[in-house]
Amino acid sequence: MEQLLFVSIIVTAFDIFLIVYAFTLPLYPTQWRKKVNRKHKNDTATGITIIFTTLICCILWIIYFYFLIFHL
């Protein structure tokens, strides 16, 4: 139970970091962003990573609260 809580907190922290990173992307120079997007597709990768990380985060918290509520 404690390990699940720890993993949930870590994944949530990583998710918050990714969301903050995505919001700060427009602050980087346009020329640099175009160069990086051309090579690595950074905006697309960031968006997809946020979607899946948030999904995993929500599932972990649901499982944790399920075990907490029903004392399994």
# chains A, B, ... in the order shown; residues from 1 in each chain; ligands from 1

$ residues_around --residues "segment 55-61 of chain A" --least-positions-apart "5" --cutoff "9 Å" --atoms "only C-alpha atoms" --output "list of chain:residue names"
A:Leu4, A:Leu5, A:Val7, A:Ser8, A:Ile9, A:Val11, A:Thr12, A:Asp15, A:Ile50, A:Tyr66

$ residues_around --residues "Leu25 of chain A" --least-positions-apart "2" --cutoff "12 Å" --atoms "only C-alpha atoms" --output "CSV table (one decimal) with N, CA and C atoms, in the first residue's frame"
chain,number,residue,atom,x,y,z
A,18,LEU,N,5.7,17.6,-16.7
A,18,LEU,CA,5.4,17.6,-18.1
A,18,LEU,C,4.4,18.7,-18.5
A,19,ILE,N,3.4,18.9,-17.7
A,19,ILE,CA,2.4,20.0,-18.0
A,19,ILE,C,3.0,21.3,-17.9
A,20,VAL,N,3.9,21.6,-16.9
A,20,VAL,CA,4.6,22.9,-16.8
A,20,VAL,C,5.5,23.1,-18.0
A,21,TYR,N,6.2,22.0,-18.4
A,21,TYR,CA,7.1,22.1,-19.6
A,21,TYR,C,6.3,22.4,-20.8
A,22,ALA,N,5.1,21.8,-21.0
A,22,ALA,CA,4.3,22.1,-22.2
A,22,ALA,C,3.8,23.5,-22.2
A,23,PHE,N,3.5,24.1,-21.0
A,23,PHE,CA,3.1,25.5,-21.0
A,23,PHE,C,4.2,26.5,-21.2
A,27,LEU,N,7.7,29.9,-24.7
A,27,LEU,CA,8.7,30.9,-24.2
A,27,LEU,C,10.1,30.7,-24.8
A,28,TYR,N,10.3,29.5,-25.4
A,28,TYR,CA,11.6,29.2,-26.0
A,28,TYR,C,11.6,30.0,-27.4
A,29,PRO,N,12.8,30.3,-27.9
A,29,PRO,CA,12.9,31.0,-29.2
A,29,PRO,C,12.3,30.2,-30.3
A,30,THR,N,11.6,30.9,-31.2
A,30,THR,CA,10.9,30.2,-32.3
A,30,THR,C,11.8,29.4,-33.2
A,32,TRP,N,14.7,28.0,-32.5
A,32,TRP,CA,15.1,26.7,-31.8
A,32,TRP,C,14.0,25.7,-31.8
A,33,ARG,N,12.8,26.1,-31.5
A,33,ARG,CA,11.6,25.2,-31.5
A,33,ARG,C,11.4,24.6,-32.9
A,34,LYS,N,11.5,25.4,-33.9
A,34,LYS,CA,11.3,24.8,-35.3
A,34,LYS,C,12.4,23.8,-35.6
A,36,VAL,N,14.1,21.9,-33.5
A,36,VAL,CA,13.9,20.7,-32.7
A,36,VAL,C,12.7,20.0,-33.2
A,37,ASN,N,11.6,20.7,-33.5
A,37,ASN,CA,10.4,20.0,-34.0
A,37,ASN,C,10.7,19.3,-35.4
A,42,ASN,N,9.0,17.4,-31.2
A,42,ASN,CA,9.0,17.6,-29.8
A,42,ASN,C,7.6,17.9,-29.3
A,43,ASP,N,6.8,18.8,-30.0
A,43,ASP,CA,5.5,19.1,-29.6
A,43,ASP,C,4.6,17.9,-29.6
A,46,THR,N,5.6,15.5,-26.7
A,46,THR,CA,5.2,16.0,-25.4
A,46,THR,C,3.7,15.8,-25.2
A,47,GLY,N,2.9,16.1,-26.2
A,47,GLY,CA,1.5,15.9,-26.0
A,47,GLY,C,1.1,14.5,-25.8

$ atom_distance --atom1 "atom CA of Met1 of chain A" --atom2 "atom CA of Leu72 of chain A"
9.3 Å

$ atom_distance --atom1 "atom CA of Ile16 of chain A" --atom2 "atom CA of His40 of chain A"
22.1 Å

$ closest_residue --among "A:Gln31, A:His71, A:Ile63, A:Thr53" --to "Phe17 of chain A" --atoms "only C-alpha atoms"
A:Thr53

$ atom_distance --atom1 "atom CA of Ile69 of chain A" --atom2 "atom CA of Phe14 of chain A"
25.5 Å
